[in-house]
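Notes to accompany the following structure.
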Amino acid sequence: MSDIEELELIDPSETYLRKTITIDKRKLVLCFTLGVLVIIIVLCLTLIPTENVKYPDYGDIKNHIEQFSIDFPEFTKITSIGKSTNFRDISTIIIEDKETESKKQLVWVVCGIHAREWTSPLACLHFITKILEALKQEKNHLFKKFRFKIIPVANPDGYVYSHAGTRLFRKNRNSSGCKEDEFDGVDLNRNFPVGFSMDNSDVCSDTYAGTKPFSESESRALRDTFQADIPDIFLSIHGNAQNLITPYAYKKGDKDVIKTLTVSGTKYPYGPASSVMDHTTGGTLMDWVAQDLGVNRTYTLELRSLCEYEDECHWQPDILLARENIVPQAFEILNGILTREI
């Protein structure tokens, strides 16, 4: 066989090899390009702002309130009614349509008096958002007839402490004398004078009332600001026993007067506090507002419960579920109170 014939025999193999290498290079380039695209997509997704899926802490809530005043300066004013035990502001947002000259009824809403009830401040933030949006968008909205004063966190020290790790902490941070830090403090919703009781002398108890009415800086701040501007309507927001209660908690009521309030298919027992809860409780903010300030339209809303047991899920259910299933119903109830449908 000649040299030329040998070259001709080898030639087809070399051509195949070249084609194979060329095809492999194309595959390699394609795989590399796809890999780069995947990396770019992942990086882009990480840079896109995502919804905050945690409950807002005290700092977040203060920032929300400040942002409301920036976004709606014509309707809002931010004040502090006083300081907590640890000198944190008890912030209040005042909302009203200043162009409406007719006399407006004053609505006080207080949230976050119990530290672990994280759904309560969440409800107040929802109220503020919905009220401001309505005032901005609708010329003759019902809300223009009212002046609102809303306190998202009435117990800032306790709220901060519960977010720091002791999630089921309920009281304020003024020492009651309890040697166990996670049980130390005073229940602010037992520290008001109407029905105040020292029967529970256990300083570590979740419901320890303090040494005397208004012994706490937070309850004194509420007293002073309410006495200076007495509401026509008062609403205290708690979580999450799923009821709407009225005075009085400190004395027995008639069980026959309990009604059922249905909100978007959810049933809320509605009536005097001691009747609905089937026990008496002294020293509550609601009873003090009703009896000592003479406010007839006084309510406490225990927000909808999504969990069976009194654990973290009871007071701090998944925030996405709370936003979808709890706070909208709370706003419906507020509307019902304002329109006198409730």
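By order in the structure tokens, chains are A, B, ...; within a chain, residues start at 1; ligands start at 1, following the order shown.
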- Long-range neighbours of Lys179 of chain A as a ChimeraX atom specification, 10 Å cut-off, only C-alpha atoms, 4 positions minimum in chain: /A:175,183-184,203-204
Output file for the selection above: C-alpha atoms, as a PDB file, in the first residue's frame:
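Ended up saving to result.pdb:
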```
ATOM      1  CA  SER A 175     -39.354  44.411  89.016  1.00  0.00           C
ATOM      2  CA  PHE A 183     -41.448  35.954  85.470  1.00  0.00           C
ATOM      3  CA  ASP A 184     -40.575  39.355  86.949  1.00  0.00           C
ATOM      4  CA  VAL A 203     -44.952  38.363  92.460  1.00  0.00           C
ATOM      5  CA  CYS A 204     -43.974  35.794  89.823  1.00  0.00           C
TER       6      CYS A 204
END
```
- List every residue of segment 27-274 of chain A that DSSP, applied to the backbone of this structure, assigns to helix (DSSP H, G or I), and report them as JSON, numbers by chain. {"A": [27, 28, 29, 30, 31, 32, 33, 34, 35, 36, 37, 38, 39, 40, 41, 42, 43, 44, 45, 46, 47, 58, 59, 60, 61, 62, 63, 64, 65, 66, 67, 68, 69, 70, 71, 119, 120, 121, 122, 123, 124, 125, 126, 127, 128, 129, 130, 131, 132, 133, 134, 135, 136, 137, 142, 143, 144, 145, 156, 157, 158, 159, 160, 161, 162, 163, 181, 182, 183, 188, 189, 190, 217, 218, 219, 220, 221, 222, 223, 224, 225, 226, 227, 228, 255, 256, 257, 273, 274]}
- Message: Which residues are near Ile333 of chain A? Cut-off 10 Å, only C-alpha atoms, ignore same chain within fewer than 5 positions. Put them as number ranges by chain.
- Response: A: 244, 261-263, 301, 327-328, 338-339, 341-342
Would you mind exporting N, CA, C and O atoms of the selected residues as a compact mmCIF listing (two decimals), in the first residue's frame?
```txt
# COMPACT_ATOMS: atom_id res chain seq x y z
N LEU A 244 -65.45 39.51 71.86
CA LEU A 244 -65.59 40.96 72.01
C LEU A 244 -66.32 41.19 73.33
O LEU A 244 -67.47 40.75 73.49
N LEU A 261 -71.32 37.21 67.81
CA LEU A 261 -71.00 38.12 66.70
C LEU A 261 -70.30 37.32 65.62
O LEU A 261 -69.28 36.69 65.86
N THR A 262 -70.86 37.32 64.41
CA THR A 262 -70.25 36.56 63.31
C THR A 262 -69.57 37.53 62.35
O THR A 262 -70.19 38.44 61.81
N VAL A 263 -68.28 37.32 62.15
CA VAL A 263 -67.46 38.19 61.29
C VAL A 263 -66.78 37.32 60.24
O VAL A 263 -65.92 36.50 60.57
N LEU A 301 -61.36 43.84 72.46
CA LEU A 301 -61.42 42.81 71.42
C LEU A 301 -60.30 41.82 71.63
O LEU A 301 -59.12 42.18 71.61
N VAL A 327 -56.21 40.07 61.38
CA VAL A 327 -56.34 41.53 61.41
C VAL A 327 -57.46 42.08 60.51
O VAL A 327 -58.09 43.09 60.87
N PRO A 328 -57.77 41.46 59.36
CA PRO A 328 -58.92 41.98 58.60
C PRO A 328 -60.23 41.87 59.36
O PRO A 328 -61.08 42.77 59.29
N LEU A 338 -67.81 51.65 64.98
CA LEU A 338 -67.92 53.05 64.55
C LEU A 338 -69.28 53.34 63.93
O LEU A 338 -69.84 54.44 64.09
N THR A 339 -69.82 52.38 63.21
CA THR A 339 -71.12 52.57 62.55
C THR A 339 -72.29 52.22 63.46
O THR A 339 -73.46 52.32 63.03
N GLU A 341 -73.19 49.36 64.29
CA GLU A 341 -73.77 48.07 63.94
C GLU A 341 -73.48 47.04 65.03
O GLU A 341 -74.15 46.02 65.13
N ILE A 342 -72.46 47.33 65.83
CA ILE A 342 -72.13 46.48 66.99
C ILE A 342 -72.43 47.28 68.25
O ILE A 342 -72.04 48.43 68.36
```
- Message: What's around segment 109-112 of chain A at 10 Å? Count only C-alpha atoms, leave out sequence neighbours fewer than 2 positions away in its own chain, and write the answer as an MDAnalysis selection string.
- Response: chainID A and resid 92 106:107 114:125 127 148:156 158:159 170 222 231 233:239 285 299:300 334
- Message: So that I can see what lies close to segment 60-73 of chain A, please list as a list of chain:residue names the residues with an atom at most 8 Å from it, counting only C-alpha atoms and leaving out residues fewer than 2 positions away in the same chain.
- Response: A:Pro56, A:Asp57, A:Tyr58, A:Phe75, A:Thr76, A:Lys77, A:Ile78, A:Ser91, A:Ile93, A:Leu125, A:Leu132, A:Pro152
